[in-house]
Structure formats: structure tokens, C-alpha cells
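Novice: My structure is stored as run_26.cif, with mmCIF, C-alpha atoms and all ligand atoms.
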```
data_protein
loop_
_atom_site.label_atom_id
_atom_site.label_comp_id
_atom_site.auth_asym_id
_atom_site.auth_seq_id
_atom_site.Cartn_x
_atom_site.Cartn_y
_atom_site.Cartn_z
CA MET A 4 12.82 16.45 -68.68
CA GLN A 5 16.00 18.56 -68.53
CA PHE A 6 17.19 20.12 -65.29
CA THR A 7 20.16 22.42 -64.67
CA ILE A 8 22.08 21.95 -61.44
CA GLU A 9 24.67 24.38 -60.13
CA VAL A 10 26.91 22.61 -57.62
CA GLY A 11 29.09 24.46 -55.10
CA ARG A 12 32.41 22.60 -55.24
CA TYR A 13 35.14 22.58 -52.62
CA ASN A 14 38.32 20.56 -52.92
CA PRO A 15 40.82 20.68 -50.02
CA GLU A 16 43.65 19.98 -52.51
CA GLY A 17 42.62 23.06 -54.47
CA THR A 18 42.18 21.45 -57.90
CA TYR A 19 39.07 22.28 -59.93
CA ALA A 20 37.81 21.65 -63.46
CA PRO A 21 38.45 24.56 -65.88
CA SER A 22 34.66 24.99 -66.22
CA ALA A 23 34.30 25.81 -62.50
CA SER A 24 33.54 29.44 -61.62
CA ALA A 25 35.93 31.77 -59.79
CA PRO A 26 35.82 31.34 -55.97
CA GLN A 27 32.66 32.90 -54.51
CA GLU A 28 32.45 33.95 -50.89
CA PHE A 29 29.39 33.64 -48.65
CA PRO A 30 27.75 36.74 -47.19
CA VAL A 31 27.90 37.66 -43.48
CA PRO A 32 27.51 35.84 -41.07
CA TRP A 33 29.06 32.92 -43.04
CA ASP A 34 31.87 34.94 -44.62
CA LYS A 35 34.53 32.83 -42.85
CA ALA A 36 33.44 29.66 -44.68
CA PRO A 37 35.80 28.60 -47.49
CA PRO A 38 34.61 30.04 -50.83
CA ARG A 39 32.98 27.64 -53.28
CA ARG A 40 33.46 27.28 -57.03
CA TYR A 41 30.25 26.57 -58.92
CA GLN A 42 30.00 24.02 -61.68
CA THR A 43 26.92 23.67 -63.85
CA TYR A 44 25.53 20.33 -65.07
CA THR A 45 22.47 19.39 -67.13
CA VAL A 46 20.63 16.14 -66.41
CA ASP A 47 17.74 14.41 -68.13
CA LEU A 48 15.39 12.93 -65.53
CA PRO A 49 11.67 12.21 -65.05
CA GLU A 50 9.58 15.13 -63.77
CA HIS A 51 9.15 13.49 -60.35
CA ALA A 52 12.95 13.30 -59.79
CA VAL A 53 14.46 14.70 -56.61
CA VAL A 54 17.69 16.68 -56.18
CA LEU A 55 19.56 13.59 -54.99
CA ASP A 56 18.64 11.73 -58.21
CA ALA A 57 20.32 14.53 -60.16
CA LEU A 58 23.46 14.45 -58.00
CA ILE A 59 23.78 10.67 -58.30
CA GLU A 60 23.23 10.94 -62.07
CA ILE A 61 26.04 13.51 -62.27
CA ARG A 62 28.43 11.47 -60.13
CA GLU A 63 27.73 8.18 -61.95
CA TYR A 64 27.62 9.40 -65.56
CA GLN A 65 29.19 12.84 -65.87
CA ASP A 66 31.73 13.66 -63.17
CA GLU A 67 33.02 10.95 -60.85
CA SER A 68 34.94 13.51 -58.82
CA LEU A 69 31.73 14.91 -57.25
CA ALA A 70 31.47 14.04 -53.53
CA VAL A 71 27.91 13.45 -52.26
CA ARG A 72 26.78 11.76 -49.04
CA CYS A 73 23.59 9.69 -48.98
CA ALA A 74 22.32 6.33 -47.82
CA CYS A 75 18.59 5.59 -47.49
CA ARG A 76 17.18 7.83 -50.28
CA SER A 77 13.95 7.80 -48.24
CA ALA A 78 14.27 10.76 -45.82
CA ILE A 79 15.17 8.42 -42.95
CA CYS A 80 18.96 8.45 -42.44
CA GLY A 81 19.48 12.22 -42.60
CA SER A 82 22.80 11.96 -44.43
CA CYS A 83 21.86 13.92 -47.60
CA ALA A 84 21.13 17.22 -45.80
CA MET A 85 22.61 20.17 -47.70
CA TRP A 86 21.85 23.70 -48.79
CA ILE A 87 19.45 23.84 -51.74
CA ASN A 88 18.84 27.35 -53.05
CA GLY A 89 20.34 28.79 -49.85
CA HIS A 90 18.40 26.79 -47.27
CA ALA A 91 18.73 23.42 -45.54
CA HIS A 92 16.87 20.49 -47.08
CA LEU A 93 17.17 16.74 -47.57
CA ALA A 94 18.22 16.22 -51.19
CA CYS A 95 16.26 12.95 -51.36
CA LYS A 96 13.02 14.68 -50.31
CA SER A 97 13.30 17.80 -52.50
CA LYS A 98 11.61 17.59 -55.90
CA LEU A 99 13.73 19.15 -58.63
CA GLN A 100 10.74 20.77 -60.28
CA ALA A 101 9.73 22.54 -57.06
CA PHE A 102 13.28 23.79 -56.46
CA THR A 103 14.05 24.99 -59.99
CA LYS A 104 14.36 28.74 -59.81
CA ASP A 105 15.31 30.95 -62.76
CA GLY A 106 15.91 27.73 -64.73
CA LYS A 107 18.34 26.08 -62.27
CA THR A 108 18.78 24.60 -58.80
CA ARG A 109 21.82 25.56 -56.71
CA VAL A 110 23.21 23.01 -54.22
CA GLU A 111 26.15 23.32 -51.85
CA SER A 112 27.31 22.24 -48.42
CA PRO A 113 26.10 24.62 -45.69
CA PRO A 114 28.55 27.44 -44.91
CA SER A 115 27.60 27.21 -41.21
CA MET A 116 29.35 23.81 -40.97
CA PRO A 117 32.90 22.68 -41.75
CA VAL A 118 33.18 21.49 -45.36
CA ILE A 119 35.08 18.28 -46.11
CA ARG A 120 34.65 18.10 -49.86
CA ASP A 121 31.95 19.35 -52.25
CA LEU A 122 28.58 18.46 -50.69
CA VAL A 123 30.01 16.51 -47.76
CA TRP A 124 30.19 18.48 -44.53
CA GLY A 125 31.63 17.68 -41.09
CA MET A 126 29.06 16.81 -38.44
CA GLU A 127 31.36 17.41 -35.40
CA PRO A 128 29.59 20.63 -34.29
CA PHE A 129 26.26 18.81 -34.53
CA TRP A 130 27.33 15.79 -32.46
CA LYS A 131 29.16 17.94 -29.91
CA LYS A 132 25.91 19.74 -29.14
CA HIS A 133 23.94 16.51 -29.20
CA HIS A 134 26.21 14.94 -26.54
CA ALA A 135 26.22 18.14 -24.44
CA VAL A 136 22.55 17.67 -23.43
CA THR A 137 23.07 14.15 -21.98
CA PRO A 138 20.95 12.44 -24.65
CA TRP A 139 19.98 9.40 -22.60
CA LEU A 140 17.71 8.63 -19.65
CA GLU A 141 19.01 8.42 -16.09
CA PRO A 142 16.42 5.97 -14.73
CA LYS A 143 14.71 6.61 -11.42
CA GLN A 144 13.03 3.22 -11.16
CA PRO A 145 14.94 0.21 -9.83
CA VAL A 146 16.65 -1.80 -12.56
CA PRO A 147 14.00 -4.25 -13.84
CA GLY A 148 14.51 -7.99 -13.65
CA PRO A 149 15.77 -10.01 -16.63
CA ARG A 150 12.26 -10.60 -18.04
CA GLU A 151 10.84 -7.17 -17.17
CA GLU A 152 11.17 -3.68 -18.60
CA TYR A 153 10.94 -0.01 -17.57
CA ARG A 154 7.22 0.79 -17.62
CA VAL A 155 5.77 4.12 -18.74
CA ALA A 156 2.18 5.24 -19.41
CA ASN A 157 1.21 5.54 -23.09
CA ALA A 158 -0.14 9.07 -22.52
CA ALA A 159 3.26 10.24 -21.23
CA MET A 160 4.96 9.02 -24.40
CA ASP A 161 2.31 10.62 -26.67
CA ASN A 162 3.70 13.93 -25.46
CA LEU A 163 7.15 13.01 -26.81
CA VAL A 164 6.33 11.51 -30.20
CA GLN A 165 7.21 14.72 -32.05
CA GLU A 166 10.76 14.91 -30.62
CA VAL A 167 11.41 11.20 -31.07
CA SER A 168 10.91 11.67 -34.83
CA CYS A 169 14.26 13.48 -35.17
CA ILE A 170 16.59 11.78 -37.68
CA ASN A 171 19.70 13.83 -36.75
CA CYS A 172 20.01 15.35 -40.21
CA GLY A 173 21.29 18.75 -39.02
CA CYS A 174 18.96 20.84 -41.23
CA CYS A 175 17.74 22.86 -38.24
CA LEU A 176 21.23 23.62 -36.92
CA MET A 177 22.73 24.56 -40.28
CA ASP A 178 20.09 27.28 -40.77
CA CYS A 179 19.82 28.43 -37.14
CA GLU A 180 20.38 32.20 -36.97
CA SER A 181 21.53 32.11 -33.37
CA PHE A 182 24.13 29.39 -34.10
CA ALA A 183 25.37 31.39 -37.10
CA ILE A 184 26.62 34.14 -34.78
CA ASN A 185 27.21 32.15 -31.57
CA ASP A 186 28.67 28.65 -31.87
CA ASN A 187 28.31 28.27 -28.10
CA PHE A 188 24.52 27.98 -28.56
CA LEU A 189 23.34 24.40 -27.97
CA GLY A 190 21.13 24.67 -31.01
CA PRO A 191 17.67 23.48 -32.05
CA HIS A 192 18.15 19.72 -32.47
CA ALA A 193 20.04 19.32 -29.16
CA LEU A 194 17.46 21.34 -27.25
CA ALA A 195 14.61 19.37 -28.84
CA LYS A 196 16.42 16.23 -27.59
CA ALA A 197 16.90 17.92 -24.21
CA TYR A 198 13.12 18.35 -23.92
CA ARG A 199 12.57 14.73 -24.96
CA TYR A 200 14.64 13.52 -21.97
CA ALA A 201 13.69 16.20 -19.41
CA ALA A 202 9.97 15.55 -19.99
CA ASP A 203 10.26 11.77 -19.89
CA PRO A 204 8.67 10.56 -16.60
CA ARG A 205 11.34 7.83 -16.29
CA ASP A 206 14.20 10.34 -16.01
CA ALA A 207 15.62 11.09 -12.55
CA THR A 208 17.59 14.22 -13.48
CA GLU A 209 14.93 16.68 -14.69
CA LYS A 210 16.00 19.42 -12.29
CA GLN A 211 19.75 19.17 -13.09
CA ARG A 212 18.94 19.16 -16.79
CA LEU A 213 16.76 22.27 -16.56
CA GLY A 214 19.46 24.06 -14.57
CA SER A 215 22.15 23.27 -17.11
CA TYR A 216 20.00 24.25 -20.11
CA SER A 217 19.18 27.63 -18.48
CA GLY A 218 22.75 28.99 -18.60
CA ASN A 219 24.71 30.72 -21.35
CA GLY A 220 24.25 29.04 -24.72
CA GLY A 221 21.03 27.35 -23.59
CA ILE A 222 17.28 27.79 -24.00
CA TRP A 223 17.32 31.57 -23.68
CA ASP A 224 19.82 32.11 -26.53
CA CYS A 225 17.25 31.16 -29.20
CA THR A 226 16.11 34.25 -31.12
CA HIS A 227 12.79 32.79 -32.37
CA CYS A 228 13.77 33.06 -36.04
CA TYR A 229 11.64 29.97 -36.83
CA GLU A 230 14.19 28.59 -39.34
CA CYS A 231 14.32 25.28 -37.43
CA VAL A 232 10.54 24.90 -37.59
CA GLN A 233 10.50 25.67 -41.29
CA GLN A 234 13.45 23.49 -42.32
CA CYS A 235 12.95 20.37 -40.20
CA PRO A 236 11.90 17.57 -42.60
CA LYS A 237 10.29 15.55 -39.81
CA GLY A 238 8.04 18.09 -38.10
CA VAL A 239 10.04 18.12 -34.87
CA ALA A 240 9.57 21.91 -34.60
CA PRO A 241 12.54 22.45 -32.23
CA LEU A 242 11.48 25.98 -31.29
CA GLU A 243 8.25 24.59 -29.78
CA GLN A 244 10.30 22.22 -27.63
CA ILE A 245 12.59 25.08 -26.55
CA LEU A 246 9.54 27.08 -25.42
CA LYS A 247 8.31 24.09 -23.42
CA LEU A 248 11.74 23.78 -21.79
CA ARG A 249 11.67 27.49 -20.88
CA LYS A 250 8.35 27.04 -19.10
CA MET A 251 9.59 23.95 -17.28
CA ALA A 252 12.77 25.77 -16.22
CA VAL A 253 10.92 28.84 -14.92
CA ASP A 254 8.37 26.64 -13.09
CA ALA A 255 11.30 24.78 -11.50
CA GLY A 256 12.71 28.08 -10.19
CA PHE A 257 15.55 28.73 -12.66
CA THR A 258 14.78 32.43 -13.02
CA ASN A 259 18.09 34.10 -12.15
CA ASN A 260 19.27 34.49 -15.72
CA ALA A 261 19.19 37.13 -18.45
CA GLY A 262 16.58 35.24 -20.48
CA THR A 263 13.97 35.11 -17.71
CA ARG A 264 14.68 38.71 -16.70
CA HIS A 265 14.26 39.76 -20.33
CA ALA A 266 10.88 37.98 -20.61
CA ASP A 267 9.77 39.46 -17.26
CA ALA A 268 10.85 43.00 -18.19
CA PHE A 269 9.08 42.71 -21.55
CA ALA A 270 5.80 41.49 -20.05
CA GLU A 271 5.87 43.99 -17.16
CA SER A 272 6.43 46.89 -19.52
CA VAL A 273 3.51 45.87 -21.75
CA ARG A 274 1.28 45.22 -18.73
CA GLU A 275 2.03 48.59 -17.11
CA SER A 276 2.16 50.88 -20.15
CA GLY A 277 0.71 48.95 -23.09
CA ARG A 278 4.00 49.16 -24.99
CA LEU A 279 7.61 48.06 -24.74
CA ASN A 280 10.01 50.32 -22.84
CA GLU A 281 13.18 49.68 -24.83
CA LEU A 282 15.23 52.02 -22.66
CA THR A 283 14.91 49.83 -19.57
CA LEU A 284 14.71 46.46 -21.33
CA MET A 285 18.45 45.87 -21.65
CA PRO A 286 19.49 46.99 -18.12
CA LYS A 287 16.65 44.98 -16.57
CA SER A 288 17.58 41.89 -18.61
CA THR A 289 21.25 42.19 -17.63
CA GLY A 290 20.40 42.81 -13.94
CA PHE A 291 20.81 46.28 -12.38
CA PHE A 292 23.53 45.09 -9.95
CA ASN A 293 25.49 43.22 -12.60
CA ILE A 294 28.08 45.98 -13.13
CA VAL A 295 30.28 43.95 -15.52
CA GLY A 296 27.25 42.95 -17.59
CA GLN A 297 25.99 46.55 -17.69
CA LEU A 298 29.39 47.74 -18.91
CA GLN A 299 29.39 45.08 -21.62
CA THR A 300 26.11 46.49 -23.03
CA LEU A 301 27.62 49.99 -23.35
CA PRO A 302 29.00 49.50 -26.91
CA SER A 303 25.52 48.48 -28.16
CA ALA A 304 23.98 51.53 -26.47
CA ILE A 305 26.61 53.81 -28.05
CA ASN A 306 25.98 52.23 -31.48
CA MET A 307 22.22 52.85 -31.09
CA LEU A 308 22.90 56.44 -30.08
CA ARG A 309 25.16 56.97 -33.11
CA ALA A 310 22.57 55.43 -35.44
CA GLY A 311 19.86 57.71 -33.99
CA LYS A 312 17.94 54.66 -32.71
CA LEU A 313 17.89 55.45 -29.01
CA PRO A 314 14.33 54.98 -27.69
CA PRO A 315 12.45 57.96 -26.11
CA ILE A 316 13.73 58.94 -22.64
CA VAL A 317 10.18 59.47 -21.33
CA HIS A 318 8.06 56.35 -21.71
CA HIS A 319 4.34 57.13 -22.09
CA LYS A 320 1.41 54.82 -21.40
CA ILE A 321 -1.06 54.18 -24.18
CA PRO A 322 -4.64 55.43 -23.64
CA GLY A 323 -6.83 52.73 -22.05
CA VAL A 324 -3.90 50.73 -20.66
CA GLN A 325 -6.26 49.31 -18.04
CA ARG A 326 -7.65 47.00 -20.73
CA ILE A 327 -4.17 45.51 -21.23
CA LYS A 328 -3.88 44.90 -17.48
CA THR A 329 -7.25 43.12 -17.58
CA ILE A 330 -5.94 40.79 -20.31
CA PHE A 331 -2.91 39.92 -18.14
CA GLN A 332 -5.24 39.24 -15.19
CA ARG A 333 -7.47 37.02 -17.27
CA ILE A 334 -4.52 35.04 -18.63
CA GLY A 335 -3.26 34.67 -15.06
CA GLY A 336 -0.02 32.87 -14.24
CA ARG A 337 3.33 34.50 -13.71
CA PHE A 338 2.50 38.02 -14.97
CA LYS A 339 -0.87 38.50 -13.25
CA LYS A 340 -0.83 41.38 -10.78
S1 LIG A 401 14.03 29.49 -33.66
FE1 LIG A 401 15.76 29.50 -32.25
S2 LIG A 401 16.62 27.44 -32.30
FE2 LIG A 401 15.23 27.66 -34.05
S3 LIG A 401 16.58 28.23 -35.71
FE3 LIG A 401 15.82 30.16 -34.82
S4 LIG A 401 17.31 30.75 -33.25
FE4 LIG A 401 17.74 28.63 -33.83
S1 LIG A 402 15.13 18.38 -35.37
FE1 LIG A 402 14.52 18.04 -37.49
S2 LIG A 402 15.99 19.24 -38.68
FE2 LIG A 402 16.82 19.05 -36.63
S3 LIG A 402 18.18 17.28 -36.73
FE3 LIG A 402 16.17 16.54 -36.04
S4 LIG A 402 15.09 15.92 -37.90
FE4 LIG A 402 16.82 17.18 -38.54
S1 LIG A 403 19.59 9.76 -48.22
FE1 LIG A 403 18.82 9.29 -46.22
S2 LIG A 403 17.75 11.10 -45.71
FE2 LIG A 403 18.32 11.45 -47.76
#
```
Kindly present the structure from the file in C-alpha cells form.
Specialist:
Amino acid sequence: MQFTIEVGRYNPEGTYAPSASAPQEFPVPWDKAPPRRYQTYTVDLPEHAVVLDALIEIREYQDESLAVRCACRSAICGSCAMWINGHAHLACKSKLQAFTKDGKTRVESPPSMPVIRDLVWGMEPFWKKHHAVTPWLEPKQPVPGPREEYRVANAAMDNLVQEVSCINCGCCLMDCESFAINDNFLGPHALAKAYRYAADPRDATEKQRLGSYSGNGGIWDCTHCYECVQQCPKGVAPLEQILKLRKMAVDAGFTNNAGTRHADAFAESVRESGRLNELTLMPKSTGFFNIVGQLQTLPSAINMLRAGKLPPIVHHKIPGVQRIKTIFQRIGGRFKK
């Protein structure tokens, strides 16, 4: 079966085959990534072939200059993660037939990460975030004897199986919308790891961890875009782990931050009026006495005003709002009143 592959090439020395396209830039928010030149190849492979089979075929038999990174070819090592048709995937797990669109499949290194050459991208941003969450246990039990081990109940580990499945491929981070505009954000894979260690009953530093993940760039900077859930090839679902960390952090008393204030203001507004009061949401999230923070939100407010998107000055309750309050009371917890 014939497949057409369009490969985004990048060569730091600047030399390209004459058949390569003119440089093409990425759209915002990746417009600072080096432009790629696209080269088209045709390969003859069985119908069950995956994208990585095609790339290896090209490198071995058509164009030895193509740089591709891979190792296990079994969706275990994580090294073949790349953009396929504009989203993060493992090339060894992506069937060519399923990814052929308008007669071709486009592959390239993700513009959200530094590119080294062709499909090989630099993992420094990924590992920096990984190390920033202290990805190891700080044991609270005494050090076991030479023939003993740290004991933990099976049920406690069942809770962590999902996070332990991470293969550090970077698919979630390369497509994370929050990371695309804020490289200070710890990111989905690191926060999923953070939950794995904070929720482990053997760890002695749960409180310090939750405090450090609650600050700028931490759990509250996720925008719930769900890309990490969709793109993770191992079902880690980082967003779900971030939501668990948020609950743990709030329960532990880490509430003096914009994220918690934002969630509180949102819920209070819906509870009291049945709808979101967008006019007070931003000042309440920033903190009324945070003068510097309030001033920093001014440009956004002016932009909204200019675009005619300022919310109504008078915020009305919906009819029958009492029913909404009853729901909050039935759910109970933090927002019950
Ligand atoms: S849900 Fe959050 S962590 Fe996941 S990709 Fe979107 S912004 Fe990033
Ligand atoms: S969470 Fe999933 S997508 Fe992210 S690095 Fe781990 S395995 Fe890859
Ligand atoms: S080559 Fe190892 S995950 Fe694809």
C-alpha cells in the first residue's frame, strides 16, 4: 500500500534538498519556533504500518539525512514522540492509515519545544519541569534493615497506578495550551508526577509539596484545555491528577492564592445568583487589597472595554435561584452555606 509522508525538516546548518518547500512558519502561539521546510516522500508499506515504519523506511532507503529518534518501537520508551498532523503522538503507535488525511500524513518536531534537527527535539524543558517537582520519595519510615523493605498497603498503591504508567514521552507537555503561552508553568507530566509522590503514604513531605505546587506556575495555572488527557498514550490523564492535587492543597489550607480565590468567586457567584458575575470575578481572584495585582489586570479590562465585551454592570439573579442554592447545600463541602 502506498503512503505519502510530508516531513517538516530543520537543519541547523541551513542546507536543504532542492525538493524541500520554502520555509513555513508556525501560527501563534508557536510563531517563534524556527520555520520548517517540508519534504514529501512516498513509501510502500503494509496497511498495518505505523508512522515510525514509514520514517525508518525513508531514512534507510530514500534519504539518509533524515534525523528521527526512536528506540523500543513498542510505545514504551517514549522517544518517538512528535507532531503528527498538528498534534502530539508516538510515531510507533500511530497507524498510517488512520492518520492519512487528504492523501498524506504530515510529521514534524513540535514547535513548542526546541528543535535539534528534523524530527529530533530537545527535552531540556521537559526534564527541567520534571526535576522541579522533586520526583522522588522523602521517606518517613526509619530506613529498613538490609533484608527488609519499605512497606506500603496494596490499596494505597492502587490509587497511584495511573500516574506510574507515565513513560516520559512529552506528548502532554508539547500540546499543553498553558505551557504554549507560559513556559513557567510546571506542566501536565510534572504535575501528574507531583501527585504520584504527594499522595504516596510513604512520603514525609506532602505539606511542603502542596505548598510549592500552589504558587505561580503550579496547579492553578492549568486552563483545563484537556489536550494532555487526549494526547497521553498511556492513559495518565494529567489533568485529573492536577484536580486531585488542587483538592489536596485546599484541604491542607493552601487557599491564599489567585487560583483558589478564582474557584471560590466562581462558585459563590453561581450559588448566589445562578450565573457567573464576570465583573467581579477578576478583582476577587486577584484579591481586593492586592493593589499591584489589580493594576496589572487593567490592560485586560481596557481591552475588553474596547472590544465591547465588558460584562453588564448590574448583575441580576436568575428566577428560582433558590434551587441552585439547594444543589450547593446537597453537595455540601466547601461551598455549602
Ligand atoms: S488540561 Fe491543563 S495541564 Fe492539561 S494540557 Fe490543558 S492546560 Fe495543560
Ligand atoms: S503523562 Fe502521558 S503524555 Fe505526559 S509524559 Fe507521561 S506518558 Fe507522556
Ligand atoms: S520508539 Fe519507543 S515509544 Fe516509540
Novice: With distances taken over only C-alpha atoms, which residue among A:Glu275, A:Glu151, A:Glu9, A:Glu209 lies nearest Pro322 in chain A?
Specialist: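 Closest to Pro322 in chain A of all the choices is A:Glu275.
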Novice: Between A:Leu55, A:Val167, A:Leu93, A:Cys175, which residue has the minimum interatomic distance to ligand LIG 402 (chain A), considering all atoms listed in the file?
Specialist: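 When distances to ligand LIG 402 (chain A) are compared using all atoms listed in the file, the smallest one comes from A:Cys175.
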Novice: Would you kindly return, as a list of chain:residue names, each protein, DNA or RNA residue with an atom no farther than 9 Å from any atom of range 296-299 of chain A, considering only C-alpha atoms and excluding same-chain residues fewer than 5 positions away?
Specialist: A:Met285, A:Pro286, A:Thr289, A:Gly290, A:Phe291
Novice: Around the point (27.8, 11.5, -58.5), in the coordinates given by the file, pick out the residues reaching within 10 Å, counting all atoms listed in the file, and return them as a compact mmCIF listing (two decimals) with C-alpha atoms, in the coordinates of the input.
Specialist:
```txt
# COMPACT_ATOMS: atom_id res chain seq x y z
CA LEU A 55 19.56 13.59 -54.99
CA ASP A 56 18.64 11.73 -58.21
CA ALA A 57 20.32 14.53 -60.16
CA LEU A 58 23.46 14.45 -58.00
CA ILE A 59 23.78 10.67 -58.30
CA GLU A 60 23.23 10.94 -62.07
CA ILE A 61 26.04 13.51 -62.27
CA ARG A 62 28.43 11.47 -60.13
CA GLU A 63 27.73 8.18 -61.95
CA TYR A 64 27.62 9.40 -65.56
CA GLN A 65 29.19 12.84 -65.87
CA ASP A 66 31.73 13.66 -63.17
CA GLU A 67 33.02 10.95 -60.85
CA SER A 68 34.94 13.51 -58.82
CA LEU A 69 31.73 14.91 -57.25
CA ALA A 70 31.47 14.04 -53.53
CA VAL A 71 27.91 13.45 -52.26
CA ARG A 72 26.78 11.76 -49.04
```
Novice: Between CA of Pro314 in chain A and CA of Lys328 in chain A, what is the spacing in Å?
Specialist: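 Pair CA of Lys328 in chain A / CA of Pro314 in chain A returns 23.2 Å.
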Novice: Could you give me the residues within 10 Å of ligand LIG 402 (chain A), counting all atoms listed in the file, as a PDB file with C-alpha atoms, in the coordinates of the input?
Specialist:
```pdb
ATOM      1  CA  ALA A  78      14.270  10.760 -45.820  1.00  0.00           C
ATOM      2  CA  ILE A  79      15.170   8.420 -42.950  1.00  0.00           C
ATOM      3  CA  CYS A  80      18.960   8.450 -42.440  1.00  0.00           C
ATOM      4  CA  GLY A  81      19.480  12.220 -42.600  1.00  0.00           C
ATOM      5  CA  SER A  82      22.800  11.960 -44.430  1.00  0.00           C
ATOM      6  CA  ALA A  84      21.130  17.220 -45.800  1.00  0.00           C
ATOM      7  CA  ALA A  91      18.730  23.420 -45.540  1.00  0.00           C
ATOM      8  CA  HIS A  92      16.870  20.490 -47.080  1.00  0.00           C
ATOM      9  CA  LEU A  93      17.170  16.740 -47.570  1.00  0.00           C
ATOM     10  CA  PHE A 129      26.260  18.810 -34.530  1.00  0.00           C
ATOM     11  CA  HIS A 133      23.940  16.510 -29.200  1.00  0.00           C
ATOM     12  CA  GLN A 165       7.210  14.720 -32.050  1.00  0.00           C
ATOM     13  CA  GLU A 166      10.760  14.910 -30.620  1.00  0.00           C
ATOM     14  CA  VAL A 167      11.410  11.200 -31.070  1.00  0.00           C
ATOM     15  CA  SER A 168      10.910  11.670 -34.830  1.00  0.00           C
ATOM     16  CA  CYS A 169      14.260  13.480 -35.170  1.00  0.00           C
ATOM     17  CA  ILE A 170      16.590  11.780 -37.680  1.00  0.00           C
ATOM     18  CA  ASN A 171      19.700  13.830 -36.750  1.00  0.00           C
ATOM     19  CA  CYS A 172      20.010  15.350 -40.210  1.00  0.00           C
ATOM     20  CA  GLY A 173      21.290  18.750 -39.020  1.00  0.00           C
ATOM     21  CA  CYS A 174      18.960  20.840 -41.230  1.00  0.00           C
ATOM     22  CA  CYS A 175      17.740  22.860 -38.240  1.00  0.00           C
ATOM     23  CA  LEU A 176      21.230  23.620 -36.920  1.00  0.00           C
ATOM     24  CA  MET A 177      22.730  24.560 -40.280  1.00  0.00           C
ATOM     25  CA  ASP A 178      20.090  27.280 -40.770  1.00  0.00           C
ATOM     26  CA  CYS A 179      19.820  28.430 -37.140  1.00  0.00           C
ATOM     27  CA  GLY A 190      21.130  24.670 -31.010  1.00  0.00           C
ATOM     28  CA  PRO A 191      17.670  23.480 -32.050  1.00  0.00           C
ATOM     29  CA  HIS A 192      18.150  19.720 -32.470  1.00  0.00           C
ATOM     30  CA  ALA A 193      20.040  19.320 -29.160  1.00  0.00           C
ATOM     31  CA  LEU A 194      17.460  21.340 -27.250  1.00  0.00           C
ATOM     32  CA  ALA A 195      14.610  19.370 -28.840  1.00  0.00           C
ATOM     33  CA  LYS A 196      16.420  16.230 -27.590  1.00  0.00           C
ATOM     34  CA  GLU A 230      14.190  28.590 -39.340  1.00  0.00           C
ATOM     35  CA  CYS A 231      14.320  25.280 -37.430  1.00  0.00           C
ATOM     36  CA  VAL A 232      10.540  24.900 -37.590  1.00  0.00           C
ATOM     37  CA  GLN A 233      10.500  25.670 -41.290  1.00  0.00           C
ATOM     38  CA  GLN A 234      13.450  23.490 -42.320  1.00  0.00           C
ATOM     39  CA  CYS A 235      12.950  20.370 -40.200  1.00  0.00           C
ATOM     40  CA  PRO A 236      11.900  17.570 -42.600  1.00  0.00           C
ATOM     41  CA  LYS A 237      10.290  15.550 -39.810  1.00  0.00           C
ATOM     42  CA  GLY A 238       8.040  18.090 -38.100  1.00  0.00           C
ATOM     43  CA  VAL A 239      10.040  18.120 -34.870  1.00  0.00           C
ATOM     44  CA  ALA A 240       9.570  21.910 -34.600  1.00  0.00           C
ATOM     45  CA  PRO A 241      12.540  22.450 -32.230  1.00  0.00           C
ATOM     46  CA  LEU A 242      11.480  25.980 -31.290  1.00  0.00           C
ATOM     47  CA  GLN A 244      10.300  22.220 -27.630  1.00  0.00           C
TER      48      GLN A 244
END
```
Novice: Given all atoms listed in the file as the basis, pick out the residue of A:Asp105, A:Asp224, A:Asp203, A:Glu50 nearest to Ala261 in chain A.
Specialist: A:Asp224
Novice: Here is a test: counting all atoms listed in the file, which residue of A:Ala310, A:Ile184, A:Met251, A:Val273 is nearest to Cys225 in chain A?
Specialist: A:Ile184
Novice: So, counting all atoms listed in the file, which residue among A:Arg199, A:Arg264, A:Arg12, A:Arg205 is closest to Pro145 in chain A?
Specialist: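 Looking at the shortest contact to Pro145 in chain A, the residue is A:Arg205.
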Novice: So that I can check the surroundings of Pro15 in chain A, please list as a list in words every protein, DNA and RNA residue that reaches within 10 Å of it, counting all atoms listed in the file and ignoring chain neighbours fewer than 4 positions away.
Specialist: Pro37, Val118, Ile119, Arg120 and Asp121 of chain A
Novice: In Å, with one decimal, what is the gap from CA of Pro32 in chain A to CA of Leu248 in chain A?
Specialist: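 About the pair CA of Pro32 in chain A and CA of Leu248 in chain A: they are 27.7 Å apart.
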Novice: Enclose ligand LIG 401 (chain A), meaning all of its atoms listed in the file, in a box aligned along x, y and z, pad it by 5 Å on each side, and list the centre and edge lengths in Å to one decimal, as lines of an AutoDock Vina configuration file.
Specialist:
```
center_x = 15.9
center_y = 29.1
center_z = -34.0
size_x = 13.7
size_y = 13.3
size_z = 13.5
```
Novice: Which is closer to Lys96 in chain A than all the others in A:Arg278, A:Ser112, A:Ser303, A:Val54, using all atoms listed in the file?
Specialist: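 Closest to Lys96 in chain A, using all atoms listed in the file: A:Val54.
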Novice: At a cut-off of 9 Å, using only C-alpha atoms, what residues contact Thr263 in chain A? Leave out same-chain residues fewer than 6 positions from it and give the result as a ChimeraX atom specification.
Specialist: /A:223,249,253,257,288
Novice: Between atom FE2 of ligand LIG 403 (chain A) and CA of Val53 in chain A, what is the distance, to one decimal in Å?
Specialist: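 Computing it gives 10.2 Å between the two atoms.
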